[in-house]
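Asks: Structure provided below as structure tokens; questions to follow.
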Amino acid sequence: MCMKKSQSDEQERSDLEIWNLFRSGEESAFEFIYQKYFDKLYNYGCQFTRDHSLVEDVLQELFIELRRRRAHLSATNKIQPYLYSAFRRKMIRYRDKRSRFKELDAQQSFPIAPNIEESIIEDEIKREHLMRLQKAIESLSERHREIIFLFFYEDLTYEEIREIQDFENIKSARNLLYKALKSLRKKIEVLLFLIGILPVVIQGVQFFKKII
Amino acid sequence: MEKSFNNIEDFLSDESFRSWVINPTPELERHWLNWLSKNQHKKAMVDQSREMILSLKFKEFSPDPKSKQRILDQIKQETKPRARTIRLSRAWLKVAAMLLLVVSTAALIYFGAKDQHESSLITTASTHLIRKSNPPGERSQHSLPDGSTVFLNSGGSLEYPETFDADSRVVKLNGEAFFEVVHDAGRPFKVVTESFEVVVLGTRFNVNANQKSPSVALVDGKVRLHSSSSDVTLELRPNQMAVFDKEKRSFTSASFDPRYVAGWKDGYLVFREASLDEVVEKLHSWYGVDISVLNTPIPSDWSYTASFKQESLENVLLNMRMLRRFDYQIRNDSLILSFQ
């Protein structure tokens with residue numbers, strides 16, 4: 001814990017410096033930010049819509065605005081949530097206005113990766129588990145899927161998620177994730193029962209081995 | 001006080017537990033293995049939670065590296081340091097009180113007076129030459145060394161010396177600009193274009209270089225036009241406009257509509273019985289988009305009359321669509337119009 005903490009302190013310090021350099025007009029700081037976050041933002045944007053040229057448009061506009069307004073931007077010691085938050089607002093607005101697939105987009109946002117290894121997962125139970133999990137996630141609301149993505153895929157803290165998804169406080173972010181997970185669990189209860197008994201079975205086998 | 005973990009959600013929603021599973025550091029590893037040794041009875045729950053987190057796989061998307069570079073280039077192009085883009089809000093009446101001069105220099109290649117103009121400018125320029133230019137879609141405002149102001153329209157470029165000579169003020173223009181010239185009888189102000197020169201004693205004027213027929217329009221004051229290629233001179237009176245005929249190399253004069261001719265300076269995009277070609281040309285230069293037209297020919301009697309103030313491209317197109325059905329697509333910096 002302590003180490004993670006000191007690492008993130010360092011990260012924050014350098015984020016603050018980089019952001020200040022960018023605000024003062026330092027071109028290399030802009031390049032750094034662009035190169036570092038473009039791919040991540042692109043991936044995040046493509047979660048919202050399958051119209052990937054729209055994602056590119058939004059990214060271009062976001063960075064143009066940041067450059068034009070750089071002297072007026074507020075300070076931040078966390079570049080990623082700052083960018084994500086601005087990008088997300090724009091992305092959702094553009095999607096609802098311009099996406100070629102707007103009807104499907106909100107339903108099918110934050111897709112689960114098609115399971116390539118499905119055929120090589122010999123364990124019937126595990127395969128079943130993954131399919132159920134996928135189905136369960138797809139039936140969640142977009143906001144629930146998004147917070148699961150931000151928390152488990154992006155490895156962000158509640159504070160960062162609060163900023164991105166525009167919650168009033170950390171507690172609301174925490175509650176939403178908890179609710180999302182609860183509802184996910186309900187949907188895959190049967191499955192959780194199945195994988196839940198696995199360790200019991202294994203322990204049972206080991207217990208018997210010991211006796212024998 | 002130690003946090004209690006009573007169900008799977010408690011583990012799943014814990015920041016530290018989550019990070020341990022997806023992004024372990026030696027420190028997290030130590031912490032959680034230690035925790036597990038003290039909480040053996042929770043091991044099944046921990047395993048389930050780990051399994052669950054590791055099964056959560058979102059689809060991943062990576063950008064094409066070429067697009068990434070292209071977008072970076074466009075961002076830099078769009079945000080090049082330049083004079084501020086004019087926020088057009090002035091009342092038209094104010095413009096009408098000025099000397100309005102519209103000079104169009106788009107067809108310059110046809111006039112062979114290039115060398116002469118360049119040399120006339122270079123002799124003036126005892127100091128450094130400053131060059132300002134706008135890509136399509138951008139308008140800007142500049143202050144000249146004598147305090148005069150120039151509004152430069154999209155696609156235009158302007159050259160002037162860092163300091164003017166003692167006896168003349170010469171600027172070179174390609175494209176369209178509006179000048180507000182500080183009065184200085186001792187130093188005539190001269191705009192050199194590739195087809196002709198405009199001499200002003202001191203007032204305000206507007207120059208436009210994006211039309212096919214070069215022209216000068218005067219609202220108030222007095223200017224003298226001179227075409228060096230044909231040695232023709234014309235003096236313009238207020239409310240007169242001179243159009244330069246490229247073939248005859250001579251001027252014809254007529255009255256004009258100030259808003260149509262120089263409304264751009266105040267943010268007006270004006271179409272007067274415009275042909276499709278004219279519409280395409282104007283939209284290209286106003287919004288900086290490349291335009292392709294599909295399913296032509298469209299009827300030759302098609303024409304478009306409208307005036308917009310600071311409207312988005314999309315709104316202009318929507319308005320145009322009320323007149324005639326067509327489809328459009330705006331993607332990146334390009335616009336496709338398809339007529340049915």
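Chain identifiers are assigned as A, B, and so on, following the order in which chains appear in the structure tokens; residues are numbered from 1 within each chain, and ligands are numbered from 1 in order of appearance.
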Within 7 Å of chain B, which residues of chain A are there when counting only C-alpha atoms? Please give them as a list in words.

Replies: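 Result, ordered by chain then number: Met1, Met3, Asp39, Tyr42, Asn43, Cys46, Asp57, Gln60, Phe63, Ile64, Arg67, Arg68, Phe110, Pro111, Ile112, Ala113, Leu130, Phe152, Asp155, Thr157, Leu177, Tyr178, Leu181, Lys182, Gly196 and Pro199 of chain A.
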
Asks: Residues within 12 Å of Pro135 (chain B), please, as a compact mmCIF listing (two decimals) with N, CA, C and O atoms, in the first residue's frame. Count only C-alpha atoms; anything in the same chain fewer than 3 positions from it doesn't count.

Replies:
# COMPACT_ATOMS: atom_id res chain seq x y z
N GLN B 74 -3.01 17.79 -38.05
CA GLN B 74 -4.16 18.68 -38.21
C GLN B 74 -4.34 19.58 -36.99
O GLN B 74 -4.67 20.75 -37.11
N GLN B 77 -1.78 22.26 -37.27
CA GLN B 77 -2.15 23.18 -38.35
C GLN B 77 -3.25 24.14 -37.88
O GLN B 77 -3.19 25.34 -38.09
N GLU B 78 -4.25 23.56 -37.21
CA GLU B 78 -5.40 24.35 -36.76
C GLU B 78 -5.03 25.36 -35.68
O GLU B 78 -5.76 26.31 -35.46
N THR B 79 -3.97 25.07 -34.94
CA THR B 79 -3.69 25.91 -33.78
C THR B 79 -2.39 26.68 -33.94
O THR B 79 -1.79 27.09 -32.96
N LYS B 80 -1.94 26.82 -35.20
CA LYS B 80 -0.74 27.62 -35.45
C LYS B 80 -0.88 28.98 -34.82
O LYS B 80 -1.94 29.60 -34.91
N ARG B 82 -1.18 32.64 -34.63
CA ARG B 82 -1.47 33.67 -35.62
C ARG B 82 -2.30 34.74 -34.94
O ARG B 82 -2.70 34.56 -33.80
N THR B 85 -8.39 35.34 -34.41
CA THR B 85 -9.49 35.25 -35.36
C THR B 85 -10.51 36.31 -34.98
O THR B 85 -10.80 36.48 -33.81
N LYS B 132 1.57 37.30 -43.64
CA LYS B 132 0.47 36.67 -42.90
C LYS B 132 -0.40 35.94 -43.89
O LYS B 132 -0.73 36.48 -44.95
N GLU B 138 -10.34 30.18 -42.06
CA GLU B 138 -9.83 31.06 -41.01
C GLU B 138 -9.81 32.51 -41.46
O GLU B 138 -9.41 32.80 -42.58
N ARG B 139 -10.23 33.43 -40.59
CA ARG B 139 -10.13 34.85 -40.85
C ARG B 139 -9.32 35.47 -39.72
O ARG B 139 -9.33 34.97 -38.61
N SER B 140 -8.61 36.54 -40.02
CA SER B 140 -7.76 37.09 -38.97
C SER B 140 -7.65 38.61 -39.09
O SER B 140 -8.04 39.20 -40.10
N LEU B 152 -8.04 40.02 -42.74
CA LEU B 152 -7.67 39.14 -43.84
C LEU B 152 -8.65 37.97 -43.90
O LEU B 152 -8.85 37.28 -42.92
N ASN B 153 -9.25 37.79 -45.07
CA ASN B 153 -10.24 36.72 -45.21
C ASN B 153 -9.56 35.37 -45.42
O ASN B 153 -8.35 35.30 -45.65
N SER B 154 -10.34 34.32 -45.37
CA SER B 154 -9.77 32.98 -45.49
C SER B 154 -9.11 32.79 -46.84
O SER B 154 -9.57 33.32 -47.84
N GLY B 155 -8.03 32.07 -46.86
CA GLY B 155 -7.32 31.80 -48.10
C GLY B 155 -6.45 32.95 -48.56
O GLY B 155 -5.75 32.83 -49.56
N GLY B 156 -6.48 34.08 -47.84
CA GLY B 156 -5.71 35.24 -48.27
C GLY B 156 -4.32 35.29 -47.68
O GLY B 156 -4.04 34.64 -46.67
N SER B 157 -3.43 36.06 -48.33
CA SER B 157 -2.14 36.30 -47.70
C SER B 157 -1.73 37.75 -47.91
O SER B 157 -2.13 38.40 -48.88
N GLY B 175 -5.70 37.38 -52.36
CA GLY B 175 -6.92 37.05 -51.66
C GLY B 175 -7.67 38.30 -51.25
O GLY B 175 -7.53 39.35 -51.87
N HIS B 284 -16.24 26.13 -49.20
CA HIS B 284 -14.87 25.64 -49.04
C HIS B 284 -14.00 26.69 -48.34
O HIS B 284 -13.30 26.41 -47.38
N SER B 285 -14.11 27.92 -48.81
CA SER B 285 -13.22 28.92 -48.24
C SER B 285 -13.71 29.39 -46.86
O SER B 285 -12.92 29.72 -46.01
N TRP B 286 -15.01 29.35 -46.64
CA TRP B 286 -15.54 29.85 -45.36
C TRP B 286 -15.27 28.86 -44.22
O TRP B 286 -14.87 29.23 -43.13
N TYR B 287 -15.55 27.58 -44.51
CA TYR B 287 -15.43 26.59 -43.44
C TYR B 287 -14.16 25.76 -43.53
O TYR B 287 -13.89 24.94 -42.65
N GLY B 288 -13.39 25.93 -44.60
CA GLY B 288 -12.16 25.16 -44.72
C GLY B 288 -12.38 23.68 -44.95
O GLY B 288 -11.58 22.87 -44.53
N VAL B 289 -13.48 23.32 -45.58
CA VAL B 289 -13.72 21.90 -45.87
C VAL B 289 -13.49 21.63 -47.35
O VAL B 289 -13.69 22.49 -48.20

Asks: Which residues in region 130-308 of chain B does DSSP call alpha helix (DSSP H)? List them as a PyMOL selection string.

Replies: chain B and resi 258-262+276-287

Asks: Could you turn the residues from that selection into a file that holds N, CA, C and O atoms, as a PDB file, in the first residue's frame?

Replies:
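Writing done, so here's again.pdb:
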ATOM      1  N   PRO B 258     -23.232  46.298 -50.361  1.00  0.00           N
ATOM      2  CA  PRO B 258     -22.118  46.219 -49.403  1.00  0.00           C
ATOM      3  C   PRO B 258     -22.060  44.902 -48.630  1.00  0.00           C
ATOM      4  O   PRO B 258     -21.005  44.351 -48.422  1.00  0.00           O
ATOM      5  N   ARG B 259     -23.247  44.411 -48.241  1.00  0.00           N
ATOM      6  CA  ARG B 259     -23.174  43.201 -47.438  1.00  0.00           C
ATOM      7  C   ARG B 259     -22.687  42.019 -48.271  1.00  0.00           C
ATOM      8  O   ARG B 259     -21.937  41.182 -47.795  1.00  0.00           O
ATOM      9  N   TYR B 260     -23.125  41.982 -49.497  1.00  0.00           N
ATOM     10  CA  TYR B 260     -22.720  40.875 -50.352  1.00  0.00           C
ATOM     11  C   TYR B 260     -21.220  40.929 -50.614  1.00  0.00           C
ATOM     12  O   TYR B 260     -20.522  39.933 -50.591  1.00  0.00           O
ATOM     13  N   VAL B 261     -20.714  42.125 -50.847  1.00  0.00           N
ATOM     14  CA  VAL B 261     -19.316  42.264 -51.228  1.00  0.00           C
ATOM     15  C   VAL B 261     -18.363  42.152 -50.038  1.00  0.00           C
ATOM     16  O   VAL B 261     -17.330  41.502 -50.114  1.00  0.00           O
ATOM     17  N   ALA B 262     -18.715  42.784 -48.923  1.00  0.00           N
ATOM     18  CA  ALA B 262     -17.758  42.807 -47.819  1.00  0.00           C
ATOM     19  C   ALA B 262     -18.343  42.349 -46.490  1.00  0.00           C
ATOM     20  O   ALA B 262     -17.758  42.563 -45.449  1.00  0.00           O
ATOM     21  N   LEU B 276     -24.238  26.436 -58.117  1.00  0.00           N
ATOM     22  CA  LEU B 276     -23.694  25.399 -57.253  1.00  0.00           C
ATOM     23  C   LEU B 276     -22.173  25.545 -57.124  1.00  0.00           C
ATOM     24  O   LEU B 276     -21.617  25.409 -56.023  1.00  0.00           O
ATOM     25  N   ASP B 277     -21.521  25.858 -58.244  1.00  0.00           N
ATOM     26  CA  ASP B 277     -20.069  26.050 -58.192  1.00  0.00           C
ATOM     27  C   ASP B 277     -19.690  27.143 -57.197  1.00  0.00           C
ATOM     28  O   ASP B 277     -18.751  27.004 -56.424  1.00  0.00           O
ATOM     29  N   GLU B 278     -20.448  28.224 -57.256  1.00  0.00           N
ATOM     30  CA  GLU B 278     -20.173  29.349 -56.368  1.00  0.00           C
ATOM     31  C   GLU B 278     -20.399  28.960 -54.900  1.00  0.00           C
ATOM     32  O   GLU B 278     -19.605  29.310 -54.030  1.00  0.00           O
ATOM     33  N   VAL B 279     -21.465  28.205 -54.671  1.00  0.00           N
ATOM     34  CA  VAL B 279     -21.770  27.758 -53.317  1.00  0.00           C
ATOM     35  C   VAL B 279     -20.632  26.884 -52.789  1.00  0.00           C
ATOM     36  O   VAL B 279     -20.143  27.068 -51.677  1.00  0.00           O
ATOM     37  N   VAL B 280     -20.212  25.949 -53.641  1.00  0.00           N
ATOM     38  CA  VAL B 280     -19.146  25.026 -53.239  1.00  0.00           C
ATOM     39  C   VAL B 280     -17.864  25.795 -52.918  1.00  0.00           C
ATOM     40  O   VAL B 280     -17.222  25.589 -51.885  1.00  0.00           O
ATOM     41  N   GLU B 281     -17.538  26.736 -53.797  1.00  0.00           N
ATOM     42  CA  GLU B 281     -16.342  27.559 -53.623  1.00  0.00           C
ATOM     43  C   GLU B 281     -16.388  28.350 -52.304  1.00  0.00           C
ATOM     44  O   GLU B 281     -15.431  28.388 -51.530  1.00  0.00           O
ATOM     45  N   LYS B 282     -17.548  28.938 -52.050  1.00  0.00           N
ATOM     46  CA  LYS B 282     -17.675  29.775 -50.842  1.00  0.00           C
ATOM     47  C   LYS B 282     -17.643  28.945 -49.571  1.00  0.00           C
ATOM     48  O   LYS B 282     -17.013  29.326 -48.582  1.00  0.00           O
ATOM     49  N   LEU B 283     -18.340  27.806 -49.596  1.00  0.00           N
ATOM     50  CA  LEU B 283     -18.338  26.959 -48.399  1.00  0.00           C
ATOM     51  C   LEU B 283     -16.941  26.446 -48.120  1.00  0.00           C
ATOM     52  O   LEU B 283     -16.505  26.346 -46.975  1.00  0.00           O
ATOM     53  N   HIS B 284     -16.237  26.130 -49.202  1.00  0.00           N
ATOM     54  CA  HIS B 284     -14.871  25.643 -49.037  1.00  0.00           C
ATOM     55  C   HIS B 284     -14.005  26.686 -48.341  1.00  0.00           C
ATOM     56  O   HIS B 284     -13.298  26.406 -47.379  1.00  0.00           O
ATOM     57  N   SER B 285     -14.110  27.920 -48.814  1.00  0.00           N
ATOM     58  CA  SER B 285     -13.220  28.920 -48.238  1.00  0.00           C
ATOM     59  C   SER B 285     -13.706  29.389 -46.865  1.00  0.00           C
ATOM     60  O   SER B 285     -12.915  29.718 -46.006  1.00  0.00           O
ATOM     61  N   TRP B 286     -15.014  29.353 -46.640  1.00  0.00           N
ATOM     62  CA  TRP B 286     -15.536  29.846 -45.355  1.00  0.00           C
ATOM     63  C   TRP B 286     -15.270  28.855 -44.224  1.00  0.00           C
ATOM     64  O   TRP B 286     -14.870  29.230 -43.132  1.00  0.00           O
ATOM     65  N   TYR B 287     -15.550  27.583 -44.514  1.00  0.00           N
ATOM     66  CA  TYR B 287     -15.430  26.586 -43.443  1.00  0.00           C
ATOM     67  C   TYR B 287     -14.160  25.755 -43.526  1.00  0.00           C
ATOM     68  O   TYR B 287     -13.890  24.936 -42.648  1.00  0.00           O
TER      69      TYR B 287
END

Asks: What lies within 12 Å of region 75-86 of chain A using only C-alpha atoms, ignoring chain neighbours under 5 positions off, as a PyMOL selection string?

Replies: chain A and resi 8-24+29-30+32-34+36-45+58-59+61-63+65-66+70+91-93+150+154-167

Asks: Using only C-alpha atoms, which residue out of B:Ala177, B:Ile130, B:Val270, B:Val198 lies closest to Val232 (chain B)?

Replies: B:Val198

Asks: Check the DSSP output for the backbone and give back, as a tab-separated table (two decimals) with N, CA and C atoms, in the first residue's frame, the residues of region 185-302 of chain B in strand (DSSP E or B).

Replies:
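Final file, states.tsv:
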chain	number	residue	atom	x	y	z
B	189	PHE	N	-1.08	55.19	-49.28
B	189	PHE	CA	-1.17	53.77	-48.96
B	189	PHE	C	-1.46	53.01	-50.26
B	190	LYS	N	-0.69	52.02	-50.54
B	190	LYS	CA	-0.85	51.31	-51.80
B	190	LYS	C	-1.00	49.82	-51.57
B	191	VAL	N	-2.05	49.25	-52.18
B	191	VAL	CA	-2.21	47.79	-52.13
B	191	VAL	C	-1.82	47.25	-53.50
B	192	VAL	N	-0.84	46.40	-53.50
B	192	VAL	CA	-0.39	45.81	-54.75
B	192	VAL	C	-0.97	44.42	-54.87
B	197	GLU	N	-3.04	47.85	-58.95
B	197	GLU	CA	-2.69	48.48	-57.69
B	197	GLU	C	-3.81	49.42	-57.28
B	198	VAL	N	-3.98	49.56	-55.99
B	198	VAL	CA	-4.97	50.49	-55.46
B	198	VAL	C	-4.24	51.51	-54.61
B	199	VAL	N	-4.45	52.79	-54.93
B	199	VAL	CA	-3.78	53.82	-54.15
B	199	VAL	C	-4.82	54.55	-53.30
B	200	VAL	N	-4.55	54.67	-52.02
B	200	VAL	CA	-5.46	55.31	-51.10
B	200	VAL	C	-4.68	56.35	-50.32
B	204	ARG	N	-10.28	53.63	-44.77
B	204	ARG	CA	-10.38	52.19	-44.52
B	204	ARG	C	-10.89	51.46	-45.75
B	205	PHE	N	-10.37	50.30	-45.99
B	205	PHE	CA	-10.82	49.55	-47.16
B	205	PHE	C	-10.67	48.05	-46.98
B	206	ASN	N	-11.41	47.35	-47.83
B	206	ASN	CA	-11.48	45.90	-47.73
B	206	ASN	C	-11.06	45.22	-49.02
B	207	VAL	N	-10.22	44.24	-48.94
B	207	VAL	CA	-9.71	43.56	-50.12
B	207	VAL	C	-10.08	42.09	-50.12
B	208	ASN	N	-10.64	41.62	-51.21
B	208	ASN	CA	-11.04	40.21	-51.31
B	208	ASN	C	-10.41	39.53	-52.50
B	215	SER	N	-11.90	42.51	-58.28
B	215	SER	CA	-12.75	43.70	-58.22
B	215	SER	C	-12.38	44.58	-57.04
B	216	VAL	N	-12.81	45.83	-57.15
B	216	VAL	CA	-12.62	46.78	-56.06
B	216	VAL	C	-13.96	47.47	-55.82
B	217	ALA	N	-14.37	47.52	-54.58
B	217	ALA	CA	-15.63	48.20	-54.27
B	217	ALA	C	-15.37	49.27	-53.22
B	218	LEU	N	-15.93	50.44	-53.45
B	218	LEU	CA	-15.65	51.57	-52.58
B	218	LEU	C	-16.92	52.08	-51.93
B	223	VAL	N	-10.44	56.22	-54.31
B	223	VAL	CA	-9.26	55.42	-54.61
B	223	VAL	C	-8.96	55.45	-56.10
B	224	ARG	N	-7.73	55.20	-56.39
B	224	ARG	CA	-7.32	55.14	-57.79
B	224	ARG	C	-6.81	53.74	-58.07
B	225	LEU	N	-7.31	53.16	-59.16
B	225	LEU	CA	-6.89	51.82	-59.54
B	225	LEU	C	-5.98	51.92	-60.75
B	226	HIS	N	-5.01	51.06	-60.74
B	226	HIS	CA	-4.11	51.05	-61.88
B	226	HIS	C	-3.72	49.62	-62.21
B	227	SER	N	-3.93	49.25	-63.46
B	227	SER	CA	-3.47	47.94	-63.89
B	227	SER	C	-2.19	48.11	-64.68
B	232	VAL	N	-4.04	50.74	-67.50
B	232	VAL	CA	-5.35	51.38	-67.39
B	232	VAL	C	-5.50	51.95	-65.99
B	233	THR	N	-6.05	53.15	-65.91
B	233	THR	CA	-6.27	53.76	-64.59
B	233	THR	C	-7.74	54.11	-64.45
B	234	LEU	N	-8.26	53.91	-63.24
B	234	LEU	CA	-9.66	54.26	-63.00
B	234	LEU	C	-9.79	54.83	-61.60
B	235	GLU	N	-10.55	55.92	-61.48
B	235	GLU	CA	-10.84	56.44	-60.14
B	235	GLU	C	-12.24	56.02	-59.75
B	236	LEU	N	-12.35	55.55	-58.53
B	236	LEU	CA	-13.66	55.10	-58.06
B	236	LEU	C	-14.29	56.12	-57.14
B	240	GLN	N	-19.31	52.77	-55.65
B	240	GLN	CA	-18.98	52.19	-56.94
B	240	GLN	C	-18.09	50.98	-56.76
B	241	MET	N	-18.24	50.09	-57.69
B	241	MET	CA	-17.41	48.89	-57.65
B	241	MET	C	-16.82	48.71	-59.03
B	242	ALA	N	-15.54	48.37	-59.07
B	242	ALA	CA	-14.89	48.13	-60.35
B	242	ALA	C	-14.55	46.66	-60.48
B	243	VAL	N	-14.91	46.10	-61.61
B	243	VAL	CA	-14.56	44.70	-61.86
B	243	VAL	C	-13.52	44.66	-62.96
B	244	PHE	N	-12.50	43.91	-62.72
B	244	PHE	CA	-11.43	43.84	-63.72
B	244	PHE	C	-11.71	42.68	-64.66
B	245	ASP	N	-11.79	42.98	-65.95
B	245	ASP	CA	-12.03	41.94	-66.94
B	245	ASP	C	-10.70	41.32	-67.35
B	250	SER	N	-9.39	45.34	-68.64
B	250	SER	CA	-9.88	46.69	-68.37
B	250	SER	C	-10.91	46.61	-67.26
B	251	PHE	N	-11.24	47.78	-66.68
B	251	PHE	CA	-12.20	47.82	-65.58
B	251	PHE	C	-13.58	48.18	-66.11
B	252	THR	N	-14.61	47.57	-65.51
B	252	THR	CA	-15.97	48.07	-65.71
B	252	THR	C	-16.51	48.40	-64.33
B	253	SER	N	-17.28	49.49	-64.24
B	253	SER	CA	-17.75	49.86	-62.91
B	253	SER	C	-19.25	49.70	-62.78
B	254	ALA	N	-19.71	49.48	-61.58
B	254	ALA	CA	-21.14	49.27	-61.31
B	254	ALA	C	-21.38	49.55	-59.84
B	255	SER	N	-22.66	49.60	-59.46
B	255	SER	CA	-22.95	49.75	-58.04
B	255	SER	C	-22.93	48.36	-57.40
B	268	TYR	N	-20.75	37.72	-42.08
B	268	TYR	CA	-21.87	37.33	-42.93
B	268	TYR	C	-21.40	36.46	-44.08
B	269	LEU	N	-22.06	35.34	-44.21
B	269	LEU	CA	-21.84	34.47	-45.37
B	269	LEU	C	-23.04	34.69	-46.27
B	270	VAL	N	-22.81	35.27	-47.44
B	270	VAL	CA	-23.93	35.71	-48.26
B	270	VAL	C	-23.92	35.03	-49.63
B	271	PHE	N	-25.07	34.50	-50.00
B	271	PHE	CA	-25.23	33.93	-51.34
B	271	PHE	C	-26.30	34.74	-52.06
B	272	ARG	N	-25.98	35.19	-53.28
B	272	ARG	CA	-26.99	35.90	-54.08
B	272	ARG	C	-27.11	35.17	-55.40
B	273	GLU	N	-28.22	34.47	-55.57
B	273	GLU	CA	-28.43	33.70	-56.78
B	273	GLU	C	-27.15	32.96	-57.18
B	274	ALA	N	-26.61	32.31	-56.21
B	274	ALA	CA	-25.33	31.63	-56.43
B	274	ALA	C	-25.54	30.30	-57.14
B	290	ASP	N	-13.04	20.42	-47.64
B	290	ASP	CA	-12.98	19.99	-49.03
B	290	ASP	C	-14.34	19.44	-49.39
B	291	ILE	N	-14.81	19.81	-50.60
B	291	ILE	CA	-16.18	19.44	-50.95
B	291	ILE	C	-16.20	18.64	-52.24
B	292	SER	N	-16.90	17.51	-52.21
B	292	SER	CA	-17.14	16.82	-53.47
B	292	SER	C	-18.64	16.74	-53.71
B	293	VAL	N	-19.01	16.88	-54.98
B	293	VAL	CA	-20.42	16.86	-55.34
B	293	VAL	C	-20.68	15.60	-56.15
B	294	LEU	N	-21.65	14.80	-55.69
B	294	LEU	CA	-21.99	13.57	-56.39
B	294	LEU	C	-23.30	13.75	-57.15

Asks: Could you check how far CA of Asn319 (chain B) sits from CA of Phe151 (chain B), in Å to one decimal?

Replies: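 Computing the Euclidean distance for CA of Asn319 (chain B) and CA of Phe151 (chain B) yields 27.8 Å.
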
Asks: Just to confirm, what's the straight-line distance from CA of Phe101 (chain A) to CA of Phe87 (chain A) in Å (one decimal)?

Replies: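 A separation of 19.3 Å between them.
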